[in-house]
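Structure file run_7.txt; described as compact mmCIF, C-alpha atoms.
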# COMPACT_ATOMS: atom_id res chain seq x y z
CA MET A 24 4.31 6.06 16.42
CA LYS A 25 2.24 2.90 16.81
CA ARG A 26 -0.48 4.30 14.57
CA LEU A 27 2.10 5.34 12.00
CA LEU A 28 3.52 1.82 11.95
CA ILE A 29 0.05 0.31 11.45
CA ILE A 30 -0.63 2.67 8.55
CA LEU A 31 2.71 1.87 6.95
CA LEU A 32 2.14 -1.89 7.31
CA MET A 33 -1.34 -1.60 5.79
CA SER A 34 0.04 0.36 2.88
CA VAL A 35 2.80 -2.17 2.27
CA GLY A 36 0.18 -4.96 2.35
CA ILE A 37 -1.93 -3.21 -0.25
CA THR A 38 1.06 -2.69 -2.48
CA LEU A 39 2.03 -6.36 -2.26
CA CYS A 40 -1.52 -7.44 -3.11
CA ALA A 41 -1.36 -5.25 -6.17
CA THR A 42 1.53 -7.14 -7.72
CA ALA A 43 0.38 -9.57 -10.32
CA GLN A 44 1.54 -13.12 -9.90
CA GLU A 45 2.55 -12.81 -6.28
CA GLY A 46 1.22 -15.43 -3.93
CA LEU A 47 0.49 -18.16 -6.44
CA ARG A 48 1.75 -21.61 -5.58
CA ILE A 49 2.55 -22.41 -9.22
CA ASN A 50 5.27 -19.78 -9.05
CA GLU A 51 7.42 -22.58 -7.68
CA VAL A 52 7.22 -24.23 -11.09
CA PHE A 53 7.99 -20.99 -12.96
CA GLU A 54 10.93 -20.42 -10.65
CA GLY A 55 12.34 -23.87 -11.36
CA HIS A 56 11.85 -25.27 -7.86
CA VAL A 57 9.90 -28.33 -9.05
CA VAL A 58 11.47 -29.09 -12.42
CA SER A 59 14.93 -27.76 -13.15
CA LYS A 60 14.94 -24.60 -15.29
CA GLN A 61 17.02 -26.56 -17.77
CA PHE A 62 13.95 -28.61 -18.66
CA ILE A 63 11.54 -25.70 -18.86
CA GLN A 64 10.72 -23.60 -21.89
CA GLU A 65 9.41 -20.41 -20.45
CA SER A 66 8.13 -17.16 -21.89
CA LEU A 67 7.22 -13.98 -20.09
CA VAL A 68 5.56 -11.20 -22.05
CA LYS A 69 4.25 -7.96 -20.61
CA GLY A 70 2.94 -4.73 -22.10
CA ASP A 71 2.33 -3.55 -25.64
CA ASN A 72 2.91 -6.89 -27.38
CA LEU A 73 -0.19 -8.25 -25.66
CA ALA A 74 -2.46 -5.30 -26.41
CA PRO A 75 -4.18 -7.07 -29.38
CA TYR A 76 -5.25 -9.82 -26.98
CA ASN A 77 -6.38 -7.39 -24.29
CA LEU A 78 -3.85 -8.92 -21.92
CA LYS A 79 -1.18 -7.35 -19.77
CA VAL A 80 0.80 -10.35 -18.61
CA LEU A 81 1.37 -13.70 -20.23
CA HIS A 82 3.64 -16.16 -18.49
CA THR A 83 3.96 -19.65 -19.90
CA ALA A 84 6.05 -22.64 -18.97
CA LYS A 85 6.31 -25.97 -20.77
CA CYS A 86 8.22 -28.69 -19.05
CA VAL A 87 9.01 -32.35 -19.20
CA ALA A 88 8.16 -33.93 -15.86
CA ASN A 89 8.42 -37.32 -14.23
CA ASN A 90 5.54 -38.81 -12.24
CA LYS A 91 6.60 -37.23 -8.94
CA GLU A 92 7.09 -33.79 -10.48
CA ARG A 93 3.78 -34.04 -12.26
CA THR A 94 2.00 -34.82 -8.98
CA THR A 95 3.69 -31.85 -7.28
CA ILE A 96 2.73 -29.46 -10.09
CA GLU A 97 -0.81 -30.80 -10.04
CA GLN A 98 -1.06 -30.23 -6.28
CA LEU A 99 0.30 -26.70 -6.55
CA PHE A 100 -2.15 -25.90 -9.32
CA GLU A 101 -5.05 -27.36 -7.33
CA GLU A 102 -4.03 -25.19 -4.37
CA ASP A 103 -4.23 -22.11 -6.59
CA MET A 104 -7.58 -23.28 -7.95
CA LYS A 105 -9.04 -22.58 -4.51
CA GLU A 106 -8.69 -18.90 -5.36
CA ARG A 107 -11.06 -19.26 -8.33
CA ILE A 108 -13.65 -16.60 -8.86
CA SER A 109 -16.52 -19.13 -8.98
CA ASP A 110 -17.40 -22.72 -9.87
CA ASP A 111 -19.41 -21.49 -12.82
CA ASN A 112 -18.54 -23.19 -16.12
CA SER A 113 -18.10 -19.79 -17.71
CA ASN A 114 -15.17 -19.14 -15.38
CA MET A 115 -13.64 -22.59 -15.26
CA GLU A 116 -12.96 -25.64 -17.42
CA MET A 117 -11.32 -28.81 -16.22
CA GLU A 118 -10.81 -32.40 -17.12
CA SER A 119 -9.60 -35.14 -14.78
CA ARG A 120 -8.92 -38.81 -15.44
CA ASP A 121 -7.92 -41.56 -13.00
CA GLY A 122 -7.62 -39.05 -10.18
CA HIS A 123 -5.25 -36.81 -12.12
CA LEU A 124 -5.78 -33.40 -13.60
CA TYR A 125 -5.20 -33.29 -17.34
CA TYR A 126 -6.53 -29.95 -18.33
CA ALA A 127 -7.81 -26.85 -16.57
CA ILE A 128 -8.49 -23.21 -17.27
CA VAL A 129 -9.44 -21.30 -14.13
CA GLN A 130 -10.33 -17.68 -13.64
CA LEU A 131 -8.97 -16.46 -10.32
CA LYS A 132 -10.30 -13.65 -8.22
CA ASN A 133 -9.64 -10.33 -9.90
CA GLY A 134 -6.37 -8.50 -9.40
CA ALA A 135 -6.10 -5.28 -7.39
CA ARG A 136 -6.89 -3.12 -10.43
CA GLY A 137 -9.89 -5.21 -11.43
CA THR A 138 -7.98 -7.14 -14.07
CA HIS A 139 -8.96 -10.72 -14.83
CA ARG A 140 -6.46 -13.37 -13.83
CA TYR A 141 -6.28 -16.88 -15.26
CA ILE A 142 -4.22 -19.95 -14.64
CA CYS A 143 -4.13 -22.84 -17.08
CA TYR A 144 -2.77 -26.36 -16.86
CA GLN A 145 -2.37 -29.09 -19.38
CA CYS A 146 -0.74 -32.46 -19.00
CA ARG A 147 0.01 -34.78 -21.88
CA ASP A 148 0.91 -38.35 -21.06
CA ARG A 149 3.94 -39.48 -23.05
CA SER A 150 4.13 -42.91 -21.34
CA SER A 151 7.75 -42.36 -20.18
CA HIS A 152 7.18 -38.79 -19.04
CA TYR A 153 4.64 -35.98 -19.02
CA ASP A 154 4.57 -32.78 -21.05
CA ILE A 155 3.10 -30.11 -18.83
CA THR A 156 2.06 -26.64 -19.88
CA LEU A 157 1.34 -23.96 -17.31
CA VAL A 158 0.04 -20.50 -18.10
CA TYR A 159 -0.62 -17.40 -16.05
CA MET A 160 -2.49 -14.55 -17.75
CA GLU A 161 -3.71 -11.20 -16.60
CA GLY A 162 -5.70 -8.55 -18.40
CA LYS A 163 -9.11 -7.24 -19.36
CA ALA A 164 -9.89 -10.12 -21.74
CA SER A 165 -12.71 -12.44 -20.76
CA LEU A 166 -12.39 -16.20 -20.95
CA ALA A 167 -14.76 -16.18 -23.95
CA ASP A 168 -12.51 -13.65 -25.72
CA LEU A 169 -9.45 -15.81 -25.10
CA ARG A 170 -11.21 -18.94 -26.36
CA ARG A 171 -12.22 -17.12 -29.55
CA THR A 172 -8.70 -15.83 -30.09
CA PHE A 173 -6.62 -18.88 -29.33
CA LYS A 174 -8.78 -21.89 -30.09
CA LYS A 175 -7.41 -23.63 -33.17
CA LYS A 176 -9.98 -23.95 -35.92
CA MET B 28 11.93 66.53 53.87
CA ASN B 29 13.77 63.31 53.47
CA LYS B 30 10.46 61.46 53.42
CA GLU B 31 9.11 63.75 50.72
CA THR B 32 12.18 63.19 48.56
CA ASN B 33 11.72 59.50 49.02
CA ILE B 34 8.04 59.76 48.04
CA ARG B 35 8.95 61.76 44.95
CA GLU B 36 11.41 59.07 43.95
CA LEU B 37 8.70 56.41 44.48
CA LEU B 38 6.28 58.49 42.41
CA ARG B 39 8.82 58.72 39.62
CA ARG B 40 9.22 54.96 39.69
CA TYR B 41 5.42 54.54 39.74
CA MET B 42 5.00 56.82 36.72
CA GLU B 43 7.73 54.91 34.91
CA GLY B 44 5.91 51.67 35.68
CA GLU B 45 8.84 50.36 37.73
CA SER B 46 7.33 50.31 41.20
CA THR B 47 6.75 47.15 43.14
CA GLN B 48 3.63 46.20 45.08
CA ALA B 49 5.37 47.22 48.30
CA GLU B 50 6.30 50.62 46.89
CA LEU B 51 2.75 51.11 45.68
CA ARG B 52 1.48 50.27 49.17
CA LEU B 53 3.89 52.83 50.66
CA LEU B 54 2.66 55.49 48.25
CA LYS B 55 -0.99 54.73 49.06
CA GLU B 56 -0.35 54.82 52.81
CA TYR B 57 1.51 58.07 52.46
CA PHE B 58 -1.20 59.80 50.45
CA ASP B 59 -3.99 58.41 52.69
CA SER B 60 -2.34 59.61 55.90
CA GLU B 61 -0.58 62.82 54.92
CA GLN B 62 -2.78 65.87 55.42
CA ASP B 63 -0.27 68.59 54.64
CA LEU B 64 0.73 67.78 51.12
CA PRO B 65 2.73 70.11 48.90
CA GLU B 66 0.67 71.67 46.12
CA ASP B 67 2.16 69.59 43.33
CA LEU B 68 1.43 66.29 45.14
CA ARG B 69 -2.28 66.84 45.89
CA ALA B 70 -3.38 65.52 42.50
CA PHE B 71 -1.57 62.28 43.35
CA ALA B 72 -3.48 62.04 46.64
CA GLN B 73 -6.75 62.07 44.70
CA MET B 74 -5.40 59.47 42.32
CA PHE B 75 -4.25 57.10 45.08
CA ALA B 76 -7.59 57.54 46.88
CA ILE B 77 -9.27 55.94 43.86
CA ILE B 78 -6.94 52.95 43.99
CA ASP B 79 -8.64 50.92 46.74
CA GLU B 80 -6.60 47.85 46.92
CA GLU B 81 -3.35 46.71 45.56
CA MET B 82 -3.50 45.04 42.17
CA PRO B 83 -4.69 41.46 42.76
CA THR B 84 -2.17 38.80 41.95
CA PRO B 85 -3.72 36.13 39.76
CA SER B 86 -4.13 32.80 41.52
CA ALA B 87 -2.43 29.66 40.26
CA GLU B 88 -5.82 28.31 39.23
CA ALA B 89 -6.53 31.42 37.17
CA LEU B 90 -3.13 31.18 35.55
CA ASP B 91 -3.85 27.53 34.64
CA ARG B 92 -7.20 28.49 33.18
CA PHE B 93 -5.52 31.18 31.16
CA SER B 94 -2.84 28.91 29.78
CA SER B 95 -4.95 25.76 29.23
CA PRO B 96 -6.46 26.75 25.83
CA LEU B 97 -2.94 27.25 24.55
CA LYS B 98 -1.88 23.86 25.89
CA GLU B 99 -4.90 22.19 24.25
CA ASN B 100 -4.17 23.88 20.97
CA ARG B 101 -0.62 22.69 21.09
CA ARG B 102 -1.76 19.15 21.94
CA SER B 103 -4.28 19.00 19.10
CA PHE B 104 -1.64 19.90 16.53
CA ARG B 105 -0.17 16.45 16.17
CA LEU B 106 2.03 15.22 13.43
CA TRP B 107 0.62 11.74 12.94
CA PRO B 108 -2.67 12.63 11.20
CA LEU B 109 -0.71 14.65 8.66
CA LEU B 110 1.75 11.80 8.17
CA ALA B 111 -1.09 9.29 7.86
CA ALA B 112 -2.84 11.44 5.29
CA ALA B 113 0.39 11.83 3.35
CA CYS B 114 1.02 8.06 3.40
CA ILE B 115 -2.51 7.23 2.28
CA ALA B 116 -2.37 9.84 -0.48
CA ALA B 117 0.98 8.51 -1.70
CA PHE B 118 -0.17 4.90 -1.81
CA ALA B 119 -3.51 5.83 -3.39
CA PHE B 120 -1.54 7.68 -6.05
CA ILE B 121 0.66 4.64 -6.68
CA ILE B 122 -2.25 2.22 -6.78
CA LEU B 123 -4.86 4.28 -8.62
CA MET B 124 -2.59 5.83 -11.19
CA PRO B 125 -2.33 3.57 -14.23
CA PRO B 126 1.22 2.26 -14.09
CA GLU B 127 3.53 2.91 -16.93
CA GLU B 128 3.20 -0.21 -19.02
CA GLU B 129 6.31 -2.22 -18.54
CA ASN B 130 7.18 -3.82 -21.83
CA MET B 131 8.93 -7.10 -21.51
CA ALA B 132 9.38 -10.16 -23.67
CA ILE B 133 11.77 -12.80 -22.46
CA ALA B 134 12.10 -16.46 -23.28
CA TYR B 135 14.01 -19.13 -21.39
CA VAL B 136 15.09 -22.12 -23.43
CA ASP B 137 17.32 -24.86 -22.02
CA GLY B 138 18.00 -22.73 -18.97
CA LYS B 139 19.23 -19.80 -21.05
CA MET B 140 17.55 -16.45 -21.15
CA LEU B 141 16.85 -15.12 -24.64
CA ASN B 142 15.89 -11.49 -24.92
CA ASN B 143 14.03 -12.27 -28.11
CA GLU B 144 10.65 -10.61 -28.38
CA VAL B 145 9.49 -12.64 -31.39
CA GLN B 146 10.43 -15.95 -29.86
CA ALA B 147 8.85 -15.08 -26.51
CA MET B 148 5.60 -14.08 -28.20
CA GLN B 149 5.61 -17.19 -30.36
CA MET B 150 6.14 -19.46 -27.36
CA GLY B 151 3.36 -17.71 -25.46
CA GLN B 152 0.92 -17.94 -28.36
CA GLU B 153 1.70 -21.61 -28.93
CA ALA B 154 1.12 -22.42 -25.29
CA LEU B 155 -2.20 -20.61 -25.32
CA GLN B 156 -3.31 -22.27 -28.57
CA GLU B 157 -2.45 -25.62 -27.10
CA ILE B 158 -4.36 -24.93 -23.90
CA PHE B 159 -7.43 -23.43 -25.54
CA SER B 160 -7.59 -26.23 -28.08
CA ASN B 161 -7.53 -28.63 -25.15
CA GLY B 162 -4.21 -30.03 -26.14
CA ASN B 163 -5.36 -30.25 -29.73
CA GLN B 164 -7.33 -33.39 -29.03
CA GLU B 165 -7.17 -34.57 -32.64
CA GLN B 166 -3.37 -34.45 -32.48
CA GLN B 167 -3.43 -36.32 -29.17
CA LEU B 168 -5.66 -39.03 -30.61
CA SER B 169 -3.46 -39.44 -33.66
CA GLU B 170 -0.38 -39.59 -31.42
CA LEU B 171 -2.08 -42.19 -29.25
CA PHE B 172 -3.05 -44.45 -32.16
CA ASN B 173 0.20 -44.01 -34.07
CA GLU B 174 2.33 -44.94 -31.10
CA PRO B 175 4.30 -48.14 -31.71
Structure re-expressed in structure tokens:
Amino acid sequence: MKRLLIILLMSVGITLCATAQEGLRINEVFEGHVVSKQFIQESLVKGDNLAPYNLKVLHTAKCVANNKERTTIEQLFEEDMKERISDDNSNMEMESRDGHLYYAIVQLKNGARGTHRYICYQCRDRSSHYDITLVYMEGKASLADLRRTFKKK
Amino acid sequence: MNKETNIRELLRRYMEGESTQAELRLLKEYFDSEQDLPEDLRAFAQMFAIIDEEMPTPSAEALDRFSSPLKENRRSFRLWPLLAAACIAAFAFIILMPPEEENMAIAYVDGKMLNNEVQAMQMGQEALQEIFSNGNQEQQLSELFNEP
């Protein structure tokens, strides 16, 4: 019975690890726990629509944040950054000014099925508030592929 | 005469396989000691002369030895390895099989959910373009310098 329980718990653990965005701290932002959902423009796309980009999941959130909210989002993002795949420039880009994060694209450790996972952050200072964009992506696309596809010419 | 009848009855029981150890002992004693046997019983005398001792009763130890392989077999057939194998196979199937692609495209604007595929895709693409163009630095610079 004890052995059976251990096996079941292990199996449940594996299954939970396999779910995509689970365990990320920035989920709090997507769920509206930091900035009210009312002030978030969010999109969640999964499946066939993303096939041309070689992605499986694209979750974006744009919000208007005050200074306190911005700091919280920044901290949550930095917590998730600890799960990055490496410090190599090919897997990570970031820009900080005056002790604050303004821009970051980070490749996280691969998902359970070997898919690449990315989190992105951008903060634009609007003097009275901040426009923050958060993105979670998952798929086979490399960072170089994504840059080629989405970088404005 | 009475004794002979009794012996015949015991012989009948012996031949039917119904006699007890005690009855067998009686038969053996009878055929060992009796010299003047009727004609039809002499063959039995020879037969009982061959049987030296009563059938040995197996000892408790022997019985244990006899039954232990069965016990071990029963013990080794446990359910948990089968259950474990079934669990592992089921989860391996779930994890290794490519999942059916779940198609979803939802947008939330002003706290309202819009089941609009086009809008969701557009919002996602815009966010990615903005990120990968590093906030469209040129736009940021123009915004910065044009601010009153």
Report task. Can you pull out every residue within 9 Å of B:Asp59, counting all atoms listed in the file, but drop anything in the same chain fewer than 5 positions away, and send it as a PyMOL selection string? Result -> chain B and resi 54+72+75-76
Query raised in the report: Leaving out A:Lys132 and any residue of its chain fewer than 4 positions from it, which residues lie within 12 Å of it when counting all atoms listed in the file, given as a list of chain:residue names?
Result: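 That gives A:Cys40, A:Ala43, A:Gln44, A:Leu47, A:Asp103, A:Met104, A:Lys105, A:Glu106, A:Arg107, A:Ile108, A:Ser109, A:Asp110, A:Asn114, A:Met115, A:Arg136, A:Gly137, A:Thr138, A:His139, A:Arg140, A:Tyr141, A:Ile142, A:Glu161.
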Report task. Using all atoms listed in the file, select each residue of chain B with any atom at most 8 Å away from an atom of chain A, and give the selection as a PyMOL selection string. Result -> chain B and resi 107+110-111+114-115+118+122-123+128-139+147-148+150-152+154-163
Query raised in the report: How many Å lie between atom CA of A:Tyr153 and atom CA of A:Cys86, rounded to one decimal?
Result: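 Answer for the atom CA of A:Tyr153 to atom CA of A:Cys86 separation: 8.1 Å.
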Where's the centre, and what are the edge lengths in Å to one decimal, of a box along x, y and z enclosing all listed atoms of stretch 60-67 of chain B padded 3 Å per side, as JSON?
{"center_x": 0.0, "center_y": 65.6, "center_z": 49.6, "size_x": 11.5, "size_y": 18.1, "size_z": 18.6}
Query - Two-atom distance - atom CA of B:Asn142, atom CA of A:Phe100 (Å) - result: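 Answer for the atom CA of B:Asn142 to atom CA of A:Phe100 separation: 27.9 Å.
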Report task. Report the distance between atom CA of B:Thr32 and atom CA of B:Ile77 in Å, rounded to one decimal place. Result ->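 Taking atom CA of B:Thr32 as the start and atom CA of B:Ile77 as the end point, the length is 23.1 Å.
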**Report entry** Residue with smallest distance to A:Asp154 - pool A:His56, A:Arg48, A:Asn89, A:Pro75, counting only C-alpha atoms
**Finding:** A:Asn89
Report summary line: If you count all atoms listed in the file, the residue of A:Asp111, A:Gly134, A:Ile155, A:Ser150 closest to A:Phe53 turns out to be A:Ile155
All heavy atoms for stretch 43-54 of chain A, written as an mmCIF file, in the frame of the given file, could you do that?
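As written to disk, selection-v8.cif reads:
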data_model
loop_
_atom_site.group_PDB
_atom_site.id
_atom_site.type_symbol
_atom_site.label_atom_id
_atom_site.label_comp_id
_atom_site.auth_asym_id
_atom_site.auth_seq_id
_atom_site.Cartn_x
_atom_site.Cartn_y
_atom_site.Cartn_z
ATOM 1 N N ALA A 43 1.149 -8.600 -9.553
ATOM 2 C CA ALA A 43 0.380 -9.570 -10.320
ATOM 3 C C ALA A 43 0.420 -11.018 -9.839
ATOM 4 O O ALA A 43 -0.540 -11.504 -9.268
ATOM 5 C CB ALA A 43 0.852 -9.493 -11.752
ATOM 6 N N GLN A 44 1.535 -11.682 -10.086
ATOM 7 C CA GLN A 44 1.540 -13.120 -9.900
ATOM 8 C C GLN A 44 1.925 -13.532 -8.493
ATOM 9 O O GLN A 44 2.033 -14.716 -8.207
ATOM 10 C CB GLN A 44 2.522 -13.712 -10.928
ATOM 11 C CG GLN A 44 2.171 -15.100 -11.403
ATOM 12 C CD GLN A 44 3.172 -15.588 -12.410
ATOM 13 O OE1 GLN A 44 3.651 -14.819 -13.233
ATOM 14 N NE2 GLN A 44 3.498 -16.862 -12.365
ATOM 15 N N GLU A 45 2.121 -12.536 -7.647
ATOM 16 C CA GLU A 45 2.550 -12.810 -6.280
ATOM 17 C C GLU A 45 1.561 -13.742 -5.583
ATOM 18 O O GLU A 45 0.372 -13.619 -5.767
ATOM 19 C CB GLU A 45 2.623 -11.512 -5.471
ATOM 20 C CG GLU A 45 3.679 -10.538 -5.917
ATOM 21 C CD GLU A 45 5.080 -10.952 -5.540
ATOM 22 O OE1 GLU A 45 5.215 -11.721 -4.576
ATOM 23 O OE2 GLU A 45 6.013 -10.526 -6.221
ATOM 24 N N GLY A 46 2.089 -14.634 -4.794
ATOM 25 C CA GLY A 46 1.220 -15.430 -3.930
ATOM 26 C C GLY A 46 0.698 -16.703 -4.561
ATOM 27 O O GLY A 46 0.054 -17.492 -3.886
ATOM 28 N N LEU A 47 0.974 -16.924 -5.835
ATOM 29 C CA LEU A 47 0.490 -18.160 -6.440
ATOM 30 C C LEU A 47 1.461 -19.306 -6.161
ATOM 31 O O LEU A 47 2.676 -19.121 -6.217
ATOM 32 C CB LEU A 47 0.322 -17.991 -7.959
ATOM 33 C CG LEU A 47 -0.837 -17.123 -8.441
ATOM 34 C CD1 LEU A 47 -0.867 -17.072 -9.966
ATOM 35 C CD2 LEU A 47 -2.169 -17.638 -7.925
ATOM 36 N N ARG A 48 0.895 -20.459 -5.892
ATOM 37 C CA ARG A 48 1.750 -21.610 -5.580
ATOM 38 C C ARG A 48 2.505 -22.098 -6.828
ATOM 39 O O ARG A 48 3.613 -22.600 -6.724
ATOM 40 C CB ARG A 48 0.891 -22.769 -5.016
ATOM 41 C CG ARG A 48 0.151 -22.453 -3.719
ATOM 42 C CD ARG A 48 1.085 -22.178 -2.554
ATOM 43 N NE ARG A 48 2.180 -23.128 -2.418
ATOM 44 C CZ ARG A 48 2.093 -24.288 -1.790
ATOM 45 N NH1 ARG A 48 0.978 -24.646 -1.219
ATOM 46 N NH2 ARG A 48 3.133 -25.100 -1.704
ATOM 47 N N ILE A 49 1.874 -21.928 -8.001
ATOM 48 C CA ILE A 49 2.550 -22.410 -9.220
ATOM 49 C C ILE A 49 3.799 -21.618 -9.557
ATOM 50 O O ILE A 49 4.563 -22.013 -10.435
ATOM 51 C CB ILE A 49 1.592 -22.447 -10.449
ATOM 52 C CG1 ILE A 49 0.936 -21.090 -10.667
ATOM 53 C CG2 ILE A 49 0.581 -23.560 -10.342
ATOM 54 C CD1 ILE A 49 0.243 -20.960 -12.018
ATOM 55 N N ASN A 50 4.021 -20.532 -8.850
ATOM 56 C CA ASN A 50 5.270 -19.780 -9.050
ATOM 57 C C ASN A 50 6.486 -20.670 -8.819
ATOM 58 O O ASN A 50 7.539 -20.454 -9.414
ATOM 59 C CB ASN A 50 5.338 -18.601 -8.084
ATOM 60 C CG ASN A 50 4.558 -17.416 -8.604
ATOM 61 O OD1 ASN A 50 4.127 -17.427 -9.750
ATOM 62 N ND2 ASN A 50 4.374 -16.420 -7.780
ATOM 63 N N GLU A 51 6.302 -21.656 -7.953
ATOM 64 C CA GLU A 51 7.420 -22.580 -7.680
ATOM 65 C C GLU A 51 7.865 -23.279 -8.952
ATOM 66 O O GLU A 51 9.038 -23.583 -9.135
ATOM 67 C CB GLU A 51 6.987 -23.609 -6.624
ATOM 68 C CG GLU A 51 6.858 -23.005 -5.238
ATOM 69 C CD GLU A 51 6.537 -24.031 -4.178
ATOM 70 O OE1 GLU A 51 7.028 -25.175 -4.270
ATOM 71 O OE2 GLU A 51 5.777 -23.684 -3.254
ATOM 72 N N VAL A 52 6.880 -23.567 -9.822
ATOM 73 C CA VAL A 52 7.220 -24.230 -11.090
ATOM 74 C C VAL A 52 7.938 -23.226 -11.995
ATOM 75 O O VAL A 52 8.990 -23.530 -12.559
ATOM 76 C CB VAL A 52 5.942 -24.760 -11.789
ATOM 77 C CG1 VAL A 52 6.316 -25.550 -13.038
ATOM 78 C CG2 VAL A 52 5.109 -25.593 -10.837
ATOM 79 N N PHE A 53 7.370 -22.021 -12.111
ATOM 80 C CA PHE A 53 7.990 -20.990 -12.960
ATOM 81 C C PHE A 53 9.412 -20.664 -12.486
ATOM 82 O O PHE A 53 10.273 -20.344 -13.280
ATOM 83 C CB PHE A 53 7.143 -19.716 -12.948
ATOM 84 C CG PHE A 53 5.870 -19.821 -13.755
ATOM 85 C CD1 PHE A 53 4.629 -19.874 -13.134
ATOM 86 C CD2 PHE A 53 5.914 -19.858 -15.135
ATOM 87 C CE1 PHE A 53 3.463 -19.951 -13.875
ATOM 88 C CE2 PHE A 53 4.748 -19.945 -15.893
ATOM 89 C CZ PHE A 53 3.514 -19.990 -15.253
ATOM 90 N N GLU A 54 9.609 -20.770 -11.188
ATOM 91 C CA GLU A 54 10.930 -20.420 -10.650
ATOM 92 C C GLU A 54 11.923 -21.584 -10.721
ATOM 93 O O GLU A 54 13.075 -21.450 -10.319
ATOM 94 C CB GLU A 54 10.778 -19.946 -9.192
ATOM 95 C CG GLU A 54 10.181 -18.548 -9.095
ATOM 96 C CD GLU A 54 9.626 -18.224 -7.719
ATOM 97 O OE1 GLU A 54 9.838 -19.023 -6.777
ATOM 98 O OE2 GLU A 54 8.954 -17.187 -7.602
#
